[in-house]
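Pasted below: start.txt, compact mmCIF, C-alpha atoms.
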# COMPACT_ATOMS: atom_id res chain seq x y z
CA MET A 848 52.15 -37.07 86.37
CA HIS A 849 55.24 -37.27 84.25
CA THR A 850 57.69 -34.41 84.06
CA ARG A 851 61.07 -33.82 82.44
CA LYS A 852 61.28 -37.26 80.92
CA GLY A 853 64.29 -38.19 78.82
CA GLY A 854 63.99 -38.69 75.05
CA SER A 855 63.61 -42.48 75.05
CA GLU A 856 61.31 -42.41 78.06
CA ARG A 857 59.15 -39.81 76.31
CA ARG A 858 58.99 -41.94 73.16
CA GLU A 859 58.01 -44.99 75.22
CA TRP A 860 55.32 -42.99 76.97
CA HIS A 861 54.02 -41.67 73.63
CA ALA A 862 53.94 -45.22 72.20
CA PHE A 863 52.15 -46.50 75.30
CA VAL A 864 49.48 -43.76 75.13
CA SER A 865 49.04 -44.37 71.38
CA GLU A 866 48.52 -48.10 71.93
CA LEU A 867 46.08 -47.39 74.74
CA HIS A 868 44.21 -44.94 72.51
CA HIS A 869 44.12 -47.47 69.68
CA THR A 870 42.79 -50.23 71.93
CA LEU A 871 40.13 -47.98 73.45
CA ASN A 872 38.95 -46.69 70.06
CA ASN A 873 38.82 -50.21 68.63
CA GLN A 874 36.69 -51.39 71.53
CA LEU A 875 34.39 -48.39 71.30
CA GLN A 876 33.97 -49.20 67.60
CA MET A 877 33.04 -52.78 68.48
CA ILE A 878 30.42 -51.58 70.97
CA THR A 879 28.73 -49.32 68.40
CA SER A 880 29.02 -52.02 65.71
CA VAL A 881 27.29 -54.66 67.81
CA ILE A 882 24.46 -52.27 68.74
CA ALA A 883 24.05 -51.26 65.07
CA LEU A 884 23.90 -54.93 64.14
CA GLN A 885 21.18 -55.54 66.71
CA GLU A 886 19.28 -52.45 65.57
CA SER A 887 19.32 -53.57 61.94
CA ARG A 888 17.52 -56.83 62.77
CA ILE A 889 14.61 -55.39 64.77
CA THR A 890 11.21 -55.21 63.06
CA ASP A 891 9.00 -54.03 65.96
CA PRO A 892 8.84 -50.19 65.64
CA GLN A 893 8.62 -49.58 69.41
CA ILE A 894 11.61 -51.79 70.18
CA ALA A 895 13.51 -50.30 67.24
CA ARG A 896 12.91 -46.80 68.65
CA ALA A 897 14.21 -47.85 72.08
CA VAL A 898 17.34 -49.46 70.63
CA ARG A 899 17.96 -46.44 68.41
CA SER A 900 17.80 -44.18 71.48
CA ALA A 901 20.28 -46.42 73.28
CA HIS A 902 22.52 -46.41 70.19
CA ASN A 903 22.39 -42.60 70.02
CA ARG A 904 23.40 -42.36 73.69
CA VAL A 905 26.31 -44.74 73.24
CA ARG A 906 27.41 -42.89 70.09
CA ALA A 907 27.24 -39.56 71.94
CA ILE A 908 29.78 -40.94 74.42
CA THR A 909 32.03 -42.83 72.02
CA GLY A 910 32.26 -39.79 69.72
CA LEU A 911 34.00 -37.90 72.51
CA PHE A 912 37.02 -40.15 72.09
CA GLY A 913 37.46 -39.37 68.41
CA PRO A 914 39.44 -36.66 66.62
CA ASN A 915 38.17 -33.87 68.88
CA SER A 916 39.69 -35.22 72.09
CA SER A 917 43.15 -34.29 73.34
CA PRO A 918 45.87 -36.98 72.93
CA ASP A 919 45.72 -37.77 76.65
CA LEU A 920 41.88 -37.94 76.51
CA THR A 921 41.43 -35.44 79.33
CA THR A 922 39.68 -32.69 77.34
CA VAL A 923 37.39 -32.36 74.31
CA HIS A 924 37.00 -29.52 71.81
CA PHE A 925 33.32 -29.54 72.52
CA GLY A 926 32.20 -27.09 69.83
CA ASP A 927 33.59 -29.21 67.00
CA TYR A 928 32.37 -32.40 68.67
CA LEU A 929 28.85 -31.00 69.10
CA ALA A 930 28.56 -29.81 65.49
CA LEU A 931 29.59 -33.25 64.25
CA MET A 932 27.32 -35.05 66.71
CA ILE A 933 24.24 -33.03 65.68
CA ARG A 934 24.91 -33.54 61.96
CA GLU A 935 25.29 -37.27 62.52
CA LEU A 936 22.13 -37.39 64.61
CA ALA A 937 20.20 -35.71 61.78
CA ALA A 938 21.74 -38.20 59.35
CA GLU A 939 20.74 -41.16 61.54
CA TYR A 940 17.14 -39.93 61.57
CA ALA A 941 17.37 -39.20 57.82
CA VAL A 942 15.55 -35.87 58.15
CA PHE A 943 17.74 -33.61 55.99
CA ASP A 944 14.94 -33.16 53.46
CA ARG A 945 12.52 -31.64 56.01
CA ILE A 946 14.45 -30.53 59.11
CA GLU A 947 17.19 -27.93 58.75
CA THR A 948 19.86 -27.85 61.45
CA ASN A 949 21.31 -24.47 62.31
CA ILE A 950 24.51 -25.00 64.33
CA ARG A 951 26.70 -22.28 65.88
CA THR A 952 29.36 -23.51 68.27
CA ALA A 953 32.23 -21.77 70.01
CA ASP A 954 35.46 -23.72 70.44
CA ILE A 955 35.28 -24.57 74.13
CA ALA A 956 37.68 -27.09 75.71
CA VAL A 957 35.71 -29.16 78.21
CA ASP A 958 37.09 -31.68 80.71
CA MET A 959 36.19 -35.26 79.77
CA ASP A 960 34.34 -35.86 83.06
CA GLN A 961 32.12 -32.89 82.24
CA ALA A 962 31.97 -33.58 78.50
CA ILE A 963 30.23 -36.95 78.95
CA PRO A 964 27.11 -35.62 80.76
CA LEU A 965 27.10 -32.55 78.50
CA ALA A 966 27.16 -34.77 75.40
CA LEU A 967 24.33 -36.91 76.73
CA ILE A 968 22.17 -33.88 77.58
CA ALA A 969 22.77 -32.42 74.10
CA ASN A 970 21.88 -35.79 72.55
CA GLU A 971 18.63 -36.02 74.53
CA LEU A 972 17.47 -32.50 73.73
CA ALA A 973 18.40 -32.67 70.04
CA SER A 974 16.91 -36.16 69.63
CA ASN A 975 13.72 -34.94 71.29
CA ALA A 976 13.47 -31.99 68.89
CA ILE A 977 14.10 -34.14 65.82
CA GLU A 978 11.70 -36.89 66.91
CA HIS A 979 8.81 -34.89 68.36
CA ALA A 980 8.86 -31.22 67.31
CA PHE A 981 7.70 -31.85 63.74
CA PRO A 982 4.94 -34.48 63.81
CA GLY A 983 3.41 -35.91 60.67
CA GLY A 984 6.46 -35.19 58.52
CA ALA A 985 6.25 -31.41 59.07
CA ARG A 986 9.17 -29.22 58.04
CA GLY A 987 11.14 -26.97 60.37
CA LYS A 988 14.42 -25.97 61.96
CA VAL A 989 16.45 -27.18 64.91
CA TYR A 990 18.82 -24.62 66.42
CA VAL A 991 21.93 -25.60 68.34
CA ALA A 992 24.27 -23.05 69.90
CA LEU A 993 27.24 -23.33 72.24
CA SER A 994 28.76 -20.18 73.69
CA TYR A 995 31.20 -19.12 76.36
CA ALA A 996 30.83 -16.48 79.08
CA PRO A 997 33.86 -15.42 81.11
CA GLN A 998 31.99 -14.71 84.35
CA SER A 999 29.10 -16.21 86.18
CA SER A 1000 25.71 -14.62 86.54
CA SER A 1001 22.43 -15.85 87.90
CA ASP A 1002 22.78 -18.58 85.27
CA SER A 1003 25.20 -20.59 87.32
CA ASP A 1004 26.12 -21.34 90.92
CA SER A 1005 29.77 -21.23 89.91
CA ALA A 1006 31.76 -18.04 90.42
CA GLY A 1007 33.92 -18.67 87.35
CA ALA A 1008 33.44 -19.01 83.63
CA TYR A 1009 30.50 -20.92 82.25
CA GLY A 1010 29.23 -22.28 78.98
CA VAL A 1011 25.75 -22.06 77.54
CA LEU A 1012 24.20 -24.78 75.42
CA GLU A 1013 20.95 -23.90 73.68
CA ILE A 1014 18.89 -26.37 71.70
CA GLY A 1015 15.65 -25.13 70.19
CA ASP A 1016 13.18 -25.70 67.40
CA ASP A 1017 10.37 -23.93 65.57
CA GLY A 1018 8.05 -26.90 65.83
CA VAL A 1019 5.19 -27.75 68.16
CA ARG A 1020 5.16 -26.99 71.89
CA LEU A 1021 5.64 -29.70 74.48
CA PRO A 1022 2.37 -31.60 74.94
CA ALA A 1023 0.18 -30.12 77.70
CA TRP A 1024 0.57 -33.24 79.83
CA VAL A 1025 4.39 -33.11 79.72
CA ASN A 1026 6.03 -31.12 82.48
CA PHE A 1027 9.75 -31.03 81.79
CA GLU A 1028 10.55 -30.72 85.52
CA THR A 1029 8.78 -33.95 86.40
CA ALA A 1030 8.45 -35.94 83.16
CA GLU A 1031 9.43 -39.59 83.60
CA SER A 1032 10.57 -40.19 80.02
CA THR A 1033 14.12 -41.54 79.93
CA GLY A 1034 15.36 -38.58 77.89
CA PHE A 1035 14.10 -35.81 80.17
CA TYR A 1036 14.98 -37.84 83.28
CA LEU A 1037 18.56 -38.23 82.01
CA ALA A 1038 18.80 -34.54 81.11
CA ARG A 1039 17.62 -33.43 84.59
CA THR A 1040 19.82 -35.91 86.45
CA LEU A 1041 22.95 -35.07 84.47
CA THR A 1042 22.25 -31.35 84.87
CA SER A 1043 22.41 -31.86 88.64
CA GLN A 1044 25.61 -33.87 88.30
CA MET A 1045 27.22 -31.00 86.35
CA ARG A 1046 25.98 -28.40 88.89
CA ALA A 1047 24.38 -26.73 85.91
CA LYS A 1048 21.01 -25.08 85.31
CA LEU A 1049 18.55 -26.20 82.67
CA ASN A 1050 15.34 -24.45 81.73
CA VAL A 1051 12.93 -24.45 78.85
CA THR A 1052 11.26 -21.46 77.21
CA GLU A 1053 8.17 -22.20 75.18
CA ARG A 1054 6.92 -19.82 72.50
CA SER A 1055 3.80 -19.79 70.36
CA ILE A 1056 5.95 -21.59 67.80
CA GLY A 1057 8.63 -23.85 69.17
CA LYS A 1058 10.75 -23.92 72.31
CA THR A 1059 14.35 -23.57 73.47
CA PHE A 1060 16.18 -25.55 76.14
CA ARG A 1061 19.03 -23.61 77.75
CA LEU A 1062 21.75 -25.23 79.84
CA ALA A 1063 24.26 -23.04 81.72
CA PHE A 1064 27.19 -25.10 83.01
CA PRO A 1065 30.38 -24.18 84.88
CA ILE A 1066 33.67 -24.53 83.03
CA LYS A 1067 36.72 -25.62 84.98
CA ASP A 1068 39.76 -23.37 84.57
CA MET B 107 24.40 -45.04 40.40
CA THR B 108 21.43 -43.70 42.38
CA VAL B 109 21.29 -41.50 45.45
CA ALA B 110 20.04 -44.44 47.50
CA SER B 111 22.72 -46.79 46.13
CA PRO B 112 25.76 -44.62 45.46
CA LEU B 113 28.17 -47.58 45.52
CA ASN B 114 26.08 -49.59 43.05
CA GLY B 115 28.33 -51.76 40.86
CA LEU B 116 31.47 -51.11 42.90
CA ASN B 117 33.54 -53.89 44.48
CA ILE B 118 34.89 -52.75 47.83
CA LEU B 119 37.61 -54.75 49.56
CA VAL B 120 37.24 -54.85 53.35
CA VAL B 121 40.32 -55.58 55.46
CA GLU B 122 39.46 -55.68 59.16
CA ASP B 123 40.50 -58.21 61.80
CA GLU B 124 37.65 -57.56 64.25
CA PHE B 125 34.66 -59.59 63.09
CA LEU B 126 31.99 -57.38 64.64
CA ILE B 127 33.42 -54.28 63.00
CA ALA B 128 33.84 -56.13 59.70
CA MET B 129 30.20 -57.28 59.81
CA GLU B 130 28.99 -53.72 60.33
CA LEU B 131 31.24 -52.40 57.55
CA THR B 132 29.87 -55.09 55.23
CA ARG B 133 26.31 -54.13 56.09
CA MET B 134 26.98 -50.43 55.53
CA ILE B 135 28.63 -51.03 52.13
CA ARG B 136 25.78 -53.30 50.98
CA ASN B 137 23.22 -50.74 52.16
CA LEU B 138 24.94 -48.23 49.88
CA GLY B 139 24.62 -50.68 46.98
CA GLY B 140 28.22 -51.89 46.90
CA GLN B 141 29.59 -55.45 46.64
CA VAL B 142 31.93 -56.53 49.42
CA LEU B 143 35.17 -58.39 48.69
CA GLY B 144 36.09 -60.23 51.89
CA PRO B 145 36.10 -59.24 54.64
CA VAL B 146 39.65 -60.49 55.09
CA THR B 147 41.69 -60.35 58.26
CA THR B 148 45.27 -60.66 56.97
CA VAL B 149 47.58 -58.99 54.46
CA ILE B 150 48.05 -62.30 52.58
CA ALA B 151 44.31 -62.82 52.15
CA GLY B 152 43.88 -59.21 51.03
CA THR B 153 46.71 -59.51 48.51
CA GLU B 154 45.22 -62.71 47.07
CA LEU B 155 41.85 -61.02 46.58
CA LEU B 156 43.53 -58.02 45.02
CA GLN B 157 45.30 -60.23 42.48
CA LYS B 158 42.24 -62.15 41.35
CA SER B 159 39.45 -59.57 41.60
CA VAL B 160 38.45 -56.21 40.22
CA VAL B 161 38.77 -53.89 43.21
CA ASP B 162 37.08 -50.48 42.89
CA GLY B 163 37.88 -49.35 46.41
CA ALA B 164 39.19 -50.61 49.72
CA VAL B 165 38.53 -50.01 53.40
CA VAL B 166 41.60 -51.09 55.33
CA ASP B 167 42.21 -51.22 59.07
CA ILE B 168 45.83 -50.19 59.45
CA ASN B 169 46.37 -52.46 62.47
CA LEU B 170 45.37 -56.10 61.98
CA GLY B 171 46.28 -57.16 65.50
CA LYS B 172 49.38 -59.25 64.84
CA GLU B 173 50.47 -57.37 61.73
CA SER B 174 50.33 -53.99 60.06
CA SER B 175 48.42 -53.67 56.79
CA ALA B 176 50.70 -50.87 55.57
CA SER B 177 52.25 -53.02 52.81
CA LEU B 178 48.81 -53.94 51.44
CA ALA B 179 47.72 -50.30 51.63
CA GLU B 180 50.81 -49.28 49.68
CA GLU B 181 50.10 -51.97 47.06
CA LEU B 182 46.55 -50.68 46.69
CA LEU B 183 47.86 -47.15 46.24
CA ALA B 184 50.39 -48.33 43.67
CA ARG B 185 47.58 -49.95 41.68
CA GLY B 186 45.51 -46.76 41.86
CA VAL B 187 42.77 -48.32 43.98
CA PRO B 188 40.88 -45.67 46.01
CA LEU B 189 41.63 -46.39 49.63
CA VAL B 190 40.16 -45.40 53.00
CA LEU B 191 42.12 -46.27 56.12
CA THR B 192 40.36 -46.97 59.40
CA THR B 193 42.38 -46.57 62.52
CA GLY B 194 42.26 -45.93 66.22
CA TYR B 195 45.69 -44.32 66.03
CA SER B 196 46.41 -40.64 65.70
CA GLU B 197 47.73 -39.41 62.35
CA ASP B 198 51.34 -39.23 63.50
CA MET B 199 51.42 -43.01 64.00
CA LEU B 200 50.86 -43.71 60.29
CA PRO B 201 53.75 -44.38 57.88
CA ASP B 202 54.67 -41.26 55.89
CA VAL B 203 53.57 -42.78 52.59
CA LEU B 204 50.03 -43.21 53.98
CA ALA B 205 49.76 -39.86 55.71
CA GLN B 206 47.71 -38.32 52.88
CA VAL B 207 45.32 -41.24 52.48
CA PRO B 208 41.71 -40.50 53.55
CA ARG B 209 41.30 -41.75 57.08
CA LEU B 210 38.29 -42.69 59.15
CA SER B 211 39.07 -42.45 62.85
CA LYS B 212 37.57 -45.09 65.11
CA PRO B 213 35.03 -44.93 66.57
CA TYR B 214 33.29 -43.85 63.36
CA THR B 215 29.57 -43.67 62.61
CA LYS B 216 27.37 -44.84 59.78
CA SER B 217 26.99 -41.33 58.40
CA GLY B 218 30.73 -40.67 58.80
CA PHE B 219 31.49 -43.82 56.82
CA GLN B 220 28.88 -43.04 54.19
CA GLN B 221 30.25 -39.55 53.66
CA ILE B 222 33.85 -40.64 53.12
CA ALA B 223 32.93 -43.72 51.07
CA VAL B 224 30.72 -41.79 48.68
CA ALA B 225 33.15 -38.88 48.37
CA HIS B 226 36.13 -41.09 47.73
CA PHE B 227 34.96 -44.22 45.97
CA VAL B 228 32.22 -42.76 43.79
CA ARG B 229 34.23 -39.75 42.62
CA SER B 230 37.32 -41.88 42.07
CA SER B 231 35.52 -44.45 39.97
CA TYR B 232 33.59 -41.94 37.83
CA ASN B 233 35.13 -41.87 34.37
CA PRO B 234 32.77 -40.20 31.89
Now that the file is in, can you turn its structure into structure tokens?
Amino acid sequence: MHTRKGGSERREWHAFVSELHHTLNNQLQMITSVIALQESRITDPQIARAVRSAHNRVRAITGLFGPNSSPDLTTVHFGDYLALMIRELAAEYAVFDRIETNIRTADIAVDMDQAIPLALIANELASNAIEHAFPGGARGKVYVALSYAPQSSSDSDSAGAYGVLEIGDDGVRLPAWVNFETAESTGFYLARTLTSQMRAKLNVTERSIGKTFRLAFPIKD
Amino acid sequence: MTVASPLNGLNILVVEDEFLIAMELTRMIRNLGGQVLGPVTTVIAGTELLQKSVVDGAVVDINLGKESSASLAEELLARGVPLVLTTGYSEDMLPDVLAQVPRLSKPYTKSGFQQIAVAHFVRSSYNP
């Protein structure tokens, strides 16, 4: 913790943090570049899908350290981050011509230690919708919403404020043999595990057309 | 120019000292139909290419490890070459003369790069 620093000391600290930021961002760029390089050389569709999923997960994390993070990297403007992340995910899957993304995000500042699992959960749920909700090249919509509630309700174990992330689609229902609570796929397993880590609650509502995943998570004051 | 190859016919100079990042930039530019000049890792090498080649656009990392590329970026601006800076620094660490130059913050993505490259290079080189 640094307080009441003199002018030169403050400048030195600012320069140090800037250099640290630069080094971190450069290294994060190298990580995503080397995965992209690997991905571009794979011809087996199943392996390509697995590497693309890994790439999406890494990108979900590295994106947190971009323009939407605070200078000291302790918080993220998660609404802006999420909108950008979803647009880039849709671009990576090249589905703009058949899947419309409807994004509404409140500007919520989220601690970095909470932002990482939140980003990964959002990535899993959105990727799942884009990949599986519209089979056979069907058209449809993916809905993403982030909102803020000042007080807890039955949504959350926390007594304080909480955020709500909703990711839905108007595509097909989950296959009959897939139970979200027990499914062993990496995506759903990650989403459930990280939900526990965040002390959040995640549920899915299925409709005759489409489904919505809803995550209620505590926000630190 | 086609939608699939928006950089078709354009020579894009790449100045980046990290080889892995330069390789990925090269791949992204070629996938958009562009020709890559370089990649080069120093100001001197970039200046030499600039003097002997037609440069339609440039992607320049502002920090080349042991040197700043600010002088090369300023030379590109002076010659009217459309320029995109890549940097891990925040905006307030850039020289004033480069503050208004389009900037791609690291870590950037393929779609982020594509968006800024098409918006800047294609529009800038379009002379009906």
- Neighbours of Leu156 of chain B within 9 Å (only C-alpha atoms; same-chain residues fewer than 5 positions away dropped), as a PyMOL selection string? chain B and resi 119+151+161+182
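For the atom pair formed by atom CA of Gly218 of chain B and atom CA of Lys988 of chain A, the distance is 22.2 Å, given to one decimal.
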- Query: Counting only C-alpha atoms, which residues from chain B have an atom at most 7 Å from any atom of chain A, and could you show them as JSON, numbers by chain?
  - Reply: {"B": [126, 127, 130, 194, 195, 211, 212, 213, 214, 217]}
What box, with edges along x, y and z, holds each listed atom of segment 207-224 of chain B when 8 Å is added on every side, and can you state its centre and edge lengths in Å to one decimal, as lines of an AutoDock Vina configuration file?
center_x = 36.2
center_y = -42.3
center_z = 57.6
size_x = 34.3
size_y = 21.5
size_z = 33.9
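If you look at atom CA of Phe1064 of chain A and atom CA of Asp958 of chain A, they are 12.1 Å away from each other.
As for atom CA of Lys1058 of chain A and atom CA of Glu971 of chain A, they are spaced 14.6 Å apart.
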- Please provide the set of residues having any atom within 12 Å of Ile150 of chain B, restricted to all atoms listed in the file, with same-chain residues fewer than 2 positions apart removed, written as a ChimeraX atom specification. /B:121,146-148,152-157,170,173-175,177-178,181
